[in-house]
>>> print(open('start_34.txt').read())   # compact mmCIF, C-alpha atoms
# COMPACT_ATOMS: atom_id res chain seq x y z
CA MET A 317 57.56 10.18 133.81
CA ILE A 318 54.23 11.21 132.35
CA LEU A 319 53.67 7.65 131.18
CA ASP A 320 54.52 6.38 134.63
CA LYS A 321 51.96 8.72 136.18
CA LYS A 322 49.34 7.68 133.67
CA SER A 323 50.10 4.01 134.29
CA THR A 324 49.87 4.52 138.04
CA SER A 325 46.59 6.40 137.73
CA ARG A 326 45.17 3.72 135.47
CA ALA A 327 46.25 0.98 137.87
CA PHE A 328 44.69 2.91 140.76
CA VAL A 329 41.36 3.24 138.97
CA VAL A 330 41.37 -0.44 138.02
CA CYS A 331 42.20 -1.46 141.59
CA LEU A 332 39.50 0.83 143.00
CA LEU A 333 36.86 -0.52 140.61
CA LEU A 334 37.92 -4.08 141.40
CA LEU A 335 37.55 -3.48 145.13
CA LEU A 336 34.17 -1.81 144.59
CA GLY A 337 32.97 -4.76 142.53
CA LEU A 338 34.14 -7.25 145.13
CA GLY A 339 32.50 -5.17 147.83
CA LEU A 340 29.13 -5.24 146.08
CA ALA A 341 29.47 -8.98 145.46
CA LEU A 342 30.25 -9.63 149.14
CA ILE A 343 27.32 -7.48 150.26
CA LEU A 344 25.06 -9.61 148.08
CA CYS A 345 26.61 -12.71 149.65
CA GLY A 346 26.01 -11.22 153.08
CA VAL A 347 22.37 -10.66 152.23
CA ALA A 348 22.07 -14.25 151.00
CA VAL A 349 23.77 -15.93 153.98
CA GLY A 350 21.72 -16.50 157.12
CA SER A 351 20.00 -19.08 159.26
CA THR A 352 17.10 -19.31 156.80
CA GLY A 353 19.30 -19.39 153.70
CA LEU A 354 18.54 -18.18 150.18
CA LYS A 355 14.82 -18.87 150.44
CA THR A 356 14.47 -15.68 152.49
CA ILE A 357 15.45 -13.64 149.42
CA ILE A 358 12.95 -15.48 147.27
CA ASN A 359 10.19 -15.12 149.86
CA SER A 360 10.97 -11.44 150.49
CA PHE A 361 8.95 -10.43 147.43
CA THR A 362 5.75 -11.86 148.92
CA ASP A 363 6.42 -12.34 152.63
CA PRO A 364 6.74 -9.15 154.76
CA VAL A 365 8.62 -11.06 157.48
CA ALA A 366 11.25 -12.25 154.98
CA ALA A 367 11.50 -8.73 153.56
CA LYS A 368 12.08 -7.39 157.08
CA ILE A 369 14.86 -9.93 157.63
CA ILE A 370 16.56 -8.76 154.43
CA TRP A 371 16.16 -5.00 154.83
CA GLU A 372 16.46 -4.61 158.60
CA ILE A 373 18.90 -7.38 159.56
CA ARG A 374 21.06 -8.80 156.78
CA LEU A 375 21.59 -5.72 154.60
CA PRO A 376 22.51 -3.25 157.39
CA ARG A 377 24.71 -5.92 158.97
CA SER A 378 26.64 -6.43 155.73
CA ILE A 379 26.98 -2.71 155.05
CA GLY A 380 27.93 -2.08 158.68
CA ALA A 381 30.63 -4.75 158.54
CA PHE A 382 32.05 -3.08 155.44
CA LEU A 383 32.01 0.38 157.05
CA ALA A 384 33.63 -0.85 160.28
CA GLY A 385 36.34 -2.62 158.29
CA ALA A 386 36.86 0.52 156.21
CA LEU A 387 37.39 2.58 159.36
CA LEU A 388 39.96 0.10 160.67
CA GLY A 389 41.72 -0.22 157.31
CA LEU A 390 41.97 3.56 157.01
CA THR A 391 43.39 4.01 160.50
CA GLY A 392 45.83 1.17 159.93
CA ALA A 393 47.25 2.91 156.85
CA ILE A 394 47.48 6.22 158.74
CA ALA A 395 49.20 4.60 161.73
CA GLN A 396 51.75 2.78 159.58
CA GLY A 397 52.61 5.95 157.68
CA LEU A 398 52.64 8.15 160.77
CA PHE A 399 54.95 5.90 162.78
CA ARG A 400 56.88 4.55 159.77
CA ASN A 401 56.24 1.08 161.12
CA PRO A 402 54.73 -1.70 158.97
CA LEU A 403 53.38 -3.38 162.12
CA ALA A 404 51.42 -0.36 163.36
CA ASP A 405 47.67 -0.81 163.69
CA PRO A 406 44.66 1.26 164.89
CA TYR A 407 45.00 -0.05 168.45
CA LEU A 408 48.64 0.92 168.82
CA LEU A 409 48.20 4.02 171.00
CA GLY A 410 45.85 2.36 173.47
CA SER A 411 42.80 3.83 171.75
CA ALA A 412 40.94 0.51 171.53
CA SER A 413 41.52 -0.30 175.19
CA GLY A 414 40.41 3.21 176.15
CA ALA A 415 37.28 2.86 174.04
CA SER A 416 36.59 -0.55 175.58
CA PHE A 417 36.94 0.83 179.10
CA ALA A 418 34.57 3.72 178.33
CA VAL A 419 31.98 1.33 176.90
CA ALA A 420 32.29 -0.88 180.00
CA ILE A 421 31.73 2.15 182.25
CA SER A 422 28.71 3.20 180.16
CA LEU A 423 27.19 -0.27 180.39
CA MET A 424 27.77 -0.39 184.14
CA LEU A 425 26.14 3.00 184.67
CA PHE A 426 23.25 2.81 182.21
CA GLY A 427 22.88 -0.89 181.45
CA GLY A 428 21.72 -2.34 178.14
CA SER A 429 23.53 -3.95 175.26
CA PRO A 430 26.44 -2.29 173.44
CA PHE A 431 24.68 -3.11 170.19
CA ALA A 432 21.31 -1.50 170.90
CA THR A 433 19.88 0.15 167.83
CA TYR A 434 18.27 3.20 169.34
CA TRP A 435 19.82 6.46 168.19
CA LEU A 436 20.42 7.79 171.70
CA VAL A 437 22.07 4.63 172.95
CA ARG A 438 24.07 4.15 169.76
CA LEU A 439 25.34 7.73 169.68
CA GLY A 440 25.98 7.60 173.41
CA LEU A 441 28.16 4.49 173.16
CA THR A 442 29.95 5.89 170.12
CA GLY A 443 30.58 9.13 172.00
CA ALA A 444 31.76 7.23 175.06
CA ALA A 445 34.07 5.07 172.96
CA PHE A 446 35.47 8.15 171.24
CA ILE A 447 36.05 9.91 174.56
CA GLY A 448 37.73 6.80 175.94
CA ALA A 449 39.94 6.52 172.86
CA VAL A 450 40.90 10.21 173.07
CA VAL A 451 41.68 9.98 176.80
CA ALA A 452 43.86 6.93 176.22
CA VAL A 453 45.71 8.64 173.38
CA LEU A 454 46.19 11.81 175.46
CA LEU A 455 47.68 9.73 178.28
CA THR A 456 49.96 8.08 175.74
CA LEU A 457 51.09 11.50 174.51
CA ILE A 458 51.73 12.66 178.08
CA LEU A 459 53.79 9.57 178.87
CA ALA A 460 55.69 9.93 175.60
CA ARG A 461 56.25 13.66 176.24
CA GLY A 462 54.82 14.64 172.88
CA VAL A 463 54.93 13.15 169.42
CA GLN A 464 58.61 13.71 168.59
CA ASN A 465 59.94 10.30 169.65
CA SER A 466 58.10 7.53 167.78
CA LEU A 467 59.62 4.67 169.79
CA ARG A 468 58.67 6.24 173.12
CA LEU A 469 55.19 6.92 171.73
CA LEU A 470 54.71 3.28 170.75
CA LEU A 471 55.92 1.97 174.12
CA SER A 472 53.66 4.42 175.95
CA GLY A 473 50.73 3.21 173.86
CA VAL A 474 51.40 -0.39 174.87
CA ILE A 475 51.52 0.57 178.56
CA VAL A 476 48.31 2.61 178.39
CA GLY A 477 46.58 -0.21 176.50
CA VAL A 478 47.50 -2.76 179.16
CA ILE A 479 46.31 -0.50 181.97
CA PHE A 480 42.97 0.30 180.36
CA GLY A 481 42.49 -3.36 179.47
CA ALA A 482 42.97 -4.31 183.11
CA MET A 483 40.54 -1.58 184.21
CA SER A 484 37.93 -2.89 181.78
CA SER A 485 38.28 -6.34 183.31
CA ILE A 486 37.83 -4.88 186.81
CA VAL A 487 34.65 -3.04 185.77
CA THR A 488 33.29 -6.23 184.20
CA LEU A 489 33.98 -8.21 187.38
CA MET A 490 32.27 -5.51 189.46
CA SER A 491 29.16 -5.67 187.25
CA PRO A 492 28.45 -9.30 186.31
CA GLU A 493 25.28 -8.27 184.45
CA ILE A 494 27.37 -6.73 181.67
CA LEU A 495 29.61 -9.80 181.33
CA GLN A 496 27.79 -11.25 178.33
CA ALA A 497 27.65 -7.91 176.54
CA MET A 498 31.34 -7.27 177.17
CA GLN A 499 32.27 -10.78 176.04
CA ALA A 500 30.54 -10.15 172.71
CA PHE A 501 32.25 -6.76 172.57
CA LEU A 502 35.72 -8.18 173.21
CA LEU A 503 35.30 -11.01 170.69
CA GLY A 504 33.86 -8.70 168.05
CA SER A 505 30.42 -9.05 166.50
CA THR A 506 28.49 -7.51 163.63
CA GLY A 507 25.31 -9.37 164.49
CA PHE A 508 23.51 -6.40 166.04
CA VAL A 509 24.55 -3.62 163.66
CA GLY A 510 21.53 -1.72 162.35
CA TRP A 511 20.95 1.21 160.05
CA ASN A 512 21.59 3.76 162.80
CA ALA A 513 25.03 2.27 163.41
CA CYS A 514 25.70 2.38 159.65
CA PHE A 515 24.90 6.10 159.55
CA VAL A 516 27.19 6.79 162.51
CA MET A 517 30.09 4.84 161.00
CA PHE A 518 29.56 6.40 157.56
CA GLY A 519 29.80 9.88 159.10
CA ALA A 520 32.96 8.99 161.00
CA LEU A 521 34.46 7.40 157.87
CA LEU A 522 33.69 10.45 155.73
CA ILE A 523 35.29 12.85 158.22
CA SER A 524 38.31 10.61 158.80
CA LEU A 525 38.92 9.89 155.12
CA ILE A 526 38.70 13.53 154.04
CA THR A 527 41.00 14.65 156.85
CA GLY A 528 43.47 11.86 156.17
CA VAL A 529 43.64 12.61 152.44
CA LEU A 530 44.11 16.34 153.09
CA LEU A 531 47.06 15.56 155.40
CA SER A 532 48.48 12.74 153.28
CA LYS A 533 51.39 14.84 152.00
CA VAL A 534 52.90 14.70 155.48
CA LEU A 535 52.70 10.91 155.43
CA ASP A 536 54.45 10.94 152.04
CA GLY A 537 57.14 13.19 153.51
CA LEU A 538 57.66 10.95 156.52
CA VAL A 539 58.55 8.08 154.19
CA LEU A 540 61.75 10.00 153.44
CA GLY A 541 62.49 10.53 157.14
CA GLU A 542 61.58 13.19 159.68
CA THR A 543 64.55 15.40 158.87
CA THR A 544 63.69 15.45 155.18
CA ALA A 545 60.03 16.07 155.96
CA VAL A 546 60.92 19.08 158.11
CA SER A 547 63.24 20.42 155.40
CA LEU A 548 60.30 20.29 152.99
CA GLY A 549 58.42 22.70 155.23
CA LEU A 550 55.94 20.19 156.60
CA LYS A 551 54.53 20.94 160.07
CA LEU A 552 54.97 17.54 161.64
CA ASP A 553 53.83 18.20 165.20
CA LEU A 554 50.47 19.77 164.31
CA THR A 555 49.82 17.20 161.61
CA ARG A 556 50.66 14.32 163.93
CA ILE A 557 48.17 15.59 166.48
CA ALA A 558 45.48 15.92 163.80
CA LEU A 559 46.17 12.42 162.45
CA ILE A 560 46.13 10.94 165.95
CA GLY A 561 42.72 12.61 166.37
CA VAL A 562 41.57 10.90 163.16
CA ILE A 563 42.81 7.54 164.46
CA SER A 564 40.92 8.10 167.71
CA LEU A 565 37.66 9.06 165.98
CA ALA A 566 37.70 6.22 163.45
CA THR A 567 38.81 3.59 165.96
CA GLY A 568 36.29 4.74 168.56
CA ALA A 569 33.43 4.65 166.04
CA ALA A 570 34.32 1.16 164.77
CA VAL A 571 34.99 -0.31 168.21
CA ALA A 572 31.73 1.07 169.63
CA GLN A 573 29.67 -0.63 166.92
CA VAL A 574 31.39 -4.00 166.34
CA GLY A 575 33.70 -4.44 169.32
CA LEU A 576 37.38 -5.34 169.18
CA VAL A 577 38.15 -6.82 165.76
CA ALA A 578 41.81 -7.76 165.40
CA PHE A 579 44.22 -7.56 162.47
CA VAL A 580 41.93 -5.82 159.94
CA GLY A 581 43.71 -2.49 160.29
CA LEU A 582 47.12 -4.14 160.29
CA VAL A 583 46.64 -6.41 157.28
CA SER A 584 44.62 -4.19 154.92
CA PRO A 585 47.40 -1.72 153.95
CA HIS A 586 49.77 -4.63 153.27
CA LEU A 587 47.21 -6.25 150.98
CA VAL A 588 46.91 -2.98 149.05
CA ARG A 589 50.69 -2.60 148.75
CA SER A 590 50.92 -6.13 147.41
CA LEU A 591 48.64 -5.04 144.56
CA ILE A 592 49.82 -1.52 143.76
CA ARG A 593 52.34 1.13 144.84
CA VAL A 594 50.68 4.52 145.31
CA ASN A 595 51.10 7.65 147.41
CA HIS A 596 49.26 7.96 150.72
CA SER A 597 46.29 9.92 149.39
CA ARG A 598 45.37 6.92 147.26
CA LEU A 599 46.65 4.35 149.74
CA LEU A 600 44.24 5.61 152.40
CA LEU A 601 41.25 5.20 150.10
CA LEU A 602 42.29 1.76 148.89
CA SER A 603 43.12 0.62 152.43
CA ALA A 604 39.66 1.67 153.58
CA MET A 605 38.11 -0.31 150.73
CA MET A 606 40.32 -3.31 151.47
CA GLY A 607 39.53 -3.17 155.19
CA GLY A 608 35.84 -3.18 154.38
CA LEU A 609 36.30 -6.23 152.14
CA VAL A 610 38.33 -8.12 154.75
CA LEU A 611 35.84 -7.61 157.58
CA LEU A 612 32.82 -8.22 155.34
CA ALA A 613 34.36 -11.45 154.00
CA ALA A 614 35.09 -12.56 157.56
CA ASP A 615 31.52 -11.74 158.56
CA VAL A 616 30.09 -13.81 155.71
CA LEU A 617 32.38 -16.73 156.59
CA SER A 618 31.50 -16.48 160.28
CA ARG A 619 27.84 -16.96 159.37
CA TYR A 620 28.45 -19.72 156.85
CA LEU A 621 31.07 -22.04 158.38
CA ILE A 622 29.00 -23.48 161.24
CA ALA A 623 25.52 -22.36 160.13
CA PRO A 624 22.98 -21.94 161.62
CA GLN A 625 25.33 -20.93 164.45
CA GLU A 626 27.89 -18.13 164.09
CA LEU A 627 31.54 -17.67 164.91
CA PRO A 628 32.58 -14.36 166.52
CA VAL A 629 33.93 -12.34 163.63
CA GLY A 630 36.86 -11.08 165.72
CA VAL A 631 38.05 -14.65 166.27
CA LEU A 632 37.97 -15.32 162.53
CA THR A 633 39.86 -12.14 161.62
CA ALA A 634 42.48 -12.97 164.25
CA VAL A 635 43.03 -16.42 162.74
CA LEU A 636 43.09 -15.21 159.13
CA GLY A 637 45.10 -12.06 159.90
CA GLY A 638 47.60 -13.94 162.05
CA GLY A 639 48.08 -16.50 159.29
CA TYR A 640 48.67 -13.76 156.75
CA LEU A 641 51.27 -12.08 158.97
CA LEU A 642 53.05 -15.39 159.45
CA TRP A 643 53.19 -15.71 155.69
CA LEU A 644 54.61 -12.20 155.44
CA MET A 645 57.29 -13.06 157.96
CA TYR A 646 58.17 -16.23 156.07
CA SER A 647 58.37 -14.47 152.72
CA ALA A 648 60.26 -11.49 154.23
CA LYS A 649 58.08 -8.94 152.49
CA VAL A 650 57.90 -6.60 155.46
CA ARG A 651 61.03 -4.50 155.75
CA GLY A 652 62.62 -4.50 159.16
CA PHE A 653 60.54 -7.48 160.27
CA GLN A 654 63.52 -9.65 161.08
>>> encode(input="start_34.txt", output="structure tokens")
Amino acid sequence: MILDKKSTSRAFVVCLLLLLGLGLALILCGVAVGSTGLKTIINSFTDPVAAKIIWEIRLPRSIGAFLAGALLGLTGAIAQGLFRNPLADPYLLGSASGASFAVAISLMLFGGSPFATYWLVRLGLTGAAFIGAVVAVLLTLILARGVQNSLRLLLSGVIVGVIFGAMSSIVTLMSPEILQAMQAFLLGSTGFVGWNACFVMFGALLISLITGVLLSKVLDGLVLGETTAVSLGLKLDLTRIALIGVISLATGAAVAQVGLVAFVGLVSPHLVRSLIRVNHSRLLLLSAMMGGLVLLAADVLSRYLIAPQELPVGVLTAVLGGGYLLWLMYSAKVRGFQ
């Protein structure tokens, strides 16, 4: 057993270092890819304009894409463990639709772009998205009559998500001036992420990751079933509420900065499990790293495929993530998928 633990720890460290290395390599690729190509990097040593493009546009965009993906990957792993459902994702409880509705209301009332880089606007949209996500989750909990029945909770989340999605559409129709901003928001974009957004997402990621790891024993217990988890003395109700709060915070922060990016939170934990089997404290960290890699890779591809134009990163993640899930269905690697 000691050897097994040592082997698992060694595999975890190797996997973590591998993901870190790939992350750094993709960030360098993100810095290199752009409408002006590699010559911007070469010119950045002598040209202040090229240096500004590197340090104020490409680098924060690449780091921001990684942080947003990490938030979604983390919440995906938490949601799948919390609901014991391999198809759970960060948007399951209606949090994304709630965040989207709150951002639409904010844009209608105050105007401007959802990707403005001023601290006040950025923090305001993040706060609005978080409040919208929390309100949507609270409505889901009310409809589900608590957190005891997972199936009722999931169905309530779908209903709340549909309602808030429809309300967002109504707000957009009422305010045509925010149509372009909301379209970019709904398709997902990392093109306007700046350093301020990176700091906001890093703070949300730090809080969410620490809280998730501290509560990971409950997720490990839920793998054995709710009855077994209760017999082990785990306080499921309080922990579920805390973890749902983490999902709301992380999802709200990511959605406010890059819009609705599909499949990253759903796919990332499965990619980690295909590499290594670990407990949830390590799974959460690896899923965050993997989510960052997935979204950053999609961002680099979205800039490269039809350069100098760009694809919306959310469209690309939907295509790649959907293809991966189809492969999972075909290979029957997801239990209970059939």
>>> residues_around(input="start_34.txt", residues="region 445-451 of chain A", least_positions_apart="5", cutoff="9 Å", atoms="only C-alpha atoms", output="number ranges by chain")
A: 409-419, 440, 456, 560-561, 563-569, 571-572
>>> atom_distance(input="start_34.txt", atom1="CA of Val474 (chain A)", atom2="CA of Gln573 (chain A)")
23.1 Å
>>> atom_distance(input="start_34.txt", atom1="CA of Ala460 (chain A)", atom2="CA of Ile526 (chain A)")
27.7 Å
>>> residues_around(input="start_34.txt", residues="Ala404 (chain A)", least_positions_apart="6", cutoff="8 Å", atoms="only C-alpha atoms", output="list in words")
Gly392, Ala395, Gln396 and Leu582 of chain A
>>> write_last_selection(input="start_34.txt", atoms="C-alpha atoms", output="JSON list (two decimals), in the frame of the given file")
[["chain", "number", "residue", "atom", "x", "y", "z"],
["A", 392, "GLY", "CA", 45.83, 1.17, 159.93],
["A", 395, "ALA", "CA", 49.20, 4.60, 161.73],
["A", 396, "GLN", "CA", 51.75, 2.78, 159.58],
["A", 582, "LEU", "CA", 47.12, -4.14, 160.29]]
>>> residues_around(input="start_34.txt", residues="Val534 (chain A)", least_positions_apart="2", cutoff="8 Å", atoms="only C-alpha atoms", output="PyMOL selection string")
chain A and resi 531-532+536-538+545+550-552+555
>>> axis_aligned_box(input="start_34.txt", around="region 407-426 of chain A", padding_each_side="8 Å", output="JSON")
{"center_x": 35.9, "center_y": 1.6, "center_z": 176.6, "size_x": 41.4, "size_y": 20.9, "size_z": 32.2}
>>> atom_distance(input="start_34.txt", atom1="CA of Val453 (chain A)", atom2="CA of Arg400 (chain A)")
18.1 Å
>>> closest_residue(input="start_34.txt", among="A:Val329, A:Arg598, A:Val574, A:Met517", to="Ala497 (chain A)", atoms="all atoms listed in the file")
A:Val574
>>> closest_residue(input="start_34.txt", among="A:Leu390, A:Ala444, A:Val583, A:Leu334", to="Val529 (chain A)", atoms="all atoms listed in the file")
A:Leu390
>>> residues_around(input="start_34.txt", residues="region 624-630 of chain A", least_positions_apart="6", cutoff="9 Å", atoms="only C-alpha atoms", output="PyMOL selection string")
chain A and resi 350-352+500+502-506+574-579+611+614-618
>>> closest_residue(input="start_34.txt", among="A:Cys345, A:Val365, A:Met498, A:Ser472", to="Ala420 (chain A)", atoms="all atoms listed in the file")
A:Met498
>>> residues_near_point(input="start_34.txt", point="(43.2, -0.1, 152.7)", cutoff="10 Å", atoms="all atoms listed in the file", output="PyMOL selection string")
chain A and resi 385-394+580-589+598-610
>>> residues_around(input="start_34.txt", residues="Thr324 (chain A)", least_positions_apart="5", cutoff="9 Å", atoms="all atoms listed in the file", output="PyMOL selection string")
chain A and resi 319+329+592-594
>>> closest_residue(input="start_34.txt", among="A:Leu621, A:Ala384, A:Leu340, A:Leu636", to="Val516 (chain A)", atoms="all atoms listed in the file")
A:Ala384
>>> closest_residue(input="start_34.txt", among="A:Val631, A:Ile379, A:Leu408, A:Ile523", to="Ile475 (chain A)", atoms="all atoms listed in the file")
A:Leu408
>>> residues_near_point(input="start_34.txt", point="(17.5, -10.6, 162.3)", cutoff="9 Å", atoms="all atoms listed in the file", output="list in words")
Gly350, Lys368, Ile369, Ile370, Glu372, Ile373, Arg374, Gly507 and Phe508 of chain A
>>> write_last_selection(input="start_34.txt", atoms="C-alpha atoms", output="mmCIF file, in the coordinates of the input")
data_model
loop_
_atom_site.group_PDB
_atom_site.id
_atom_site.type_symbol
_atom_site.label_atom_id
_atom_site.label_comp_id
_atom_site.auth_asym_id
_atom_site.auth_seq_id
_atom_site.Cartn_x
_atom_site.Cartn_y
_atom_site.Cartn_z
ATOM 1 C CA GLY A 350 21.720 -16.500 157.120
ATOM 2 C CA LYS A 368 12.080 -7.390 157.080
ATOM 3 C CA ILE A 369 14.860 -9.930 157.630
ATOM 4 C CA ILE A 370 16.560 -8.760 154.430
ATOM 5 C CA GLU A 372 16.460 -4.610 158.600
ATOM 6 C CA ILE A 373 18.900 -7.380 159.560
ATOM 7 C CA ARG A 374 21.060 -8.800 156.780
ATOM 8 C CA GLY A 507 25.310 -9.370 164.490
ATOM 9 C CA PHE A 508 23.510 -6.400 166.040
#
>>> closest_residue(input="start_34.txt", among="A:Leu403, A:Ala570, A:Leu632, A:Leu338", to="Phe515 (chain A)", atoms="all atoms listed in the file")
A:Ala570
>>> build_atoms(input="start_34.txt", residues="region 610-629 of chain A", atoms="N, CA, C and O atoms", output="CSV table (one decimal), keeping the file's coordinate frame")
chain,number,residue,atom,x,y,z
A,610,VAL,N,37.8,-7.1,153.8
A,610,VAL,CA,38.3,-8.1,154.8
A,610,VAL,C,37.3,-8.4,155.9
A,610,VAL,O,37.0,-9.6,156.1
A,611,LEU,N,36.8,-7.4,156.5
A,611,LEU,CA,35.8,-7.6,157.6
A,611,LEU,C,34.5,-8.2,157.1
A,611,LEU,O,33.9,-9.1,157.7
A,612,LEU,N,34.1,-7.7,155.9
A,612,LEU,CA,32.8,-8.2,155.3
A,612,LEU,C,33.0,-9.7,154.9
A,612,LEU,O,32.1,-10.5,155.2
A,613,ALA,N,34.1,-10.0,154.3
A,613,ALA,CA,34.4,-11.4,154.0
A,613,ALA,C,34.4,-12.3,155.3
A,613,ALA,O,33.9,-13.4,155.3
A,614,ALA,N,35.0,-11.8,156.3
A,614,ALA,CA,35.1,-12.6,157.6
A,614,ALA,C,33.7,-12.7,158.2
A,614,ALA,O,33.4,-13.8,158.7
A,615,ASP,N,32.9,-11.7,158.0
A,615,ASP,CA,31.5,-11.7,158.6
A,615,ASP,C,30.7,-12.8,157.8
A,615,ASP,O,30.0,-13.6,158.4
A,616,VAL,N,30.8,-12.8,156.5
A,616,VAL,CA,30.1,-13.8,155.7
A,616,VAL,C,30.5,-15.2,156.1
A,616,VAL,O,29.7,-16.1,156.3
A,617,LEU,N,31.9,-15.4,156.2
A,617,LEU,CA,32.4,-16.7,156.6
A,617,LEU,C,31.9,-17.1,158.0
A,617,LEU,O,31.6,-18.3,158.2
A,618,SER,N,31.9,-16.2,158.9
A,618,SER,CA,31.5,-16.5,160.3
A,618,SER,C,30.1,-17.0,160.4
A,618,SER,O,29.7,-17.7,161.2
A,619,ARG,N,29.2,-16.5,159.4
A,619,ARG,CA,27.8,-17.0,159.4
A,619,ARG,C,27.7,-18.3,158.6
A,619,ARG,O,26.7,-19.0,158.8
A,620,TYR,N,28.6,-18.6,157.7
A,620,TYR,CA,28.4,-19.7,156.8
A,620,TYR,C,29.1,-21.0,157.4
A,620,TYR,O,28.6,-22.1,157.2
A,621,LEU,N,30.3,-20.9,158.1
A,621,LEU,CA,31.1,-22.0,158.4
A,621,LEU,C,30.4,-23.0,159.3
A,621,LEU,O,30.4,-24.3,159.0
A,622,ILE,N,29.7,-22.6,160.3
A,622,ILE,CA,29.0,-23.5,161.2
A,622,ILE,C,27.5,-23.2,161.3
A,622,ILE,O,26.9,-23.3,162.4
A,623,ALA,N,26.9,-22.7,160.2
A,623,ALA,CA,25.5,-22.4,160.1
A,623,ALA,C,24.7,-23.5,160.6
A,623,ALA,O,25.0,-24.7,160.4
A,624,PRO,N,23.6,-23.2,161.4
A,624,PRO,CA,23.0,-21.9,161.6
A,624,PRO,C,23.6,-21.1,162.8
A,624,PRO,O,23.2,-20.1,163.1
A,625,GLN,N,24.6,-21.7,163.4
A,625,GLN,CA,25.3,-20.9,164.4
A,625,GLN,C,26.4,-20.0,163.8
A,625,GLN,O,26.6,-20.1,162.6
A,626,GLU,N,26.9,-19.1,164.6
A,626,GLU,CA,27.9,-18.1,164.1
A,626,GLU,C,29.2,-18.1,164.9
A,626,GLU,O,29.1,-18.4,166.1
A,627,LEU,N,30.3,-17.9,164.2
A,627,LEU,CA,31.5,-17.7,164.9
A,627,LEU,C,31.7,-16.2,165.2
A,627,LEU,O,31.2,-15.4,164.4
A,628,PRO,N,32.3,-15.8,166.3
A,628,PRO,CA,32.6,-14.4,166.5
A,628,PRO,C,33.5,-13.9,165.4
A,628,PRO,O,34.6,-14.5,165.2
A,629,VAL,N,33.2,-12.8,164.8
A,629,VAL,CA,33.9,-12.3,163.6
A,629,VAL,C,35.3,-11.9,164.0
A,629,VAL,O,36.3,-12.1,163.2
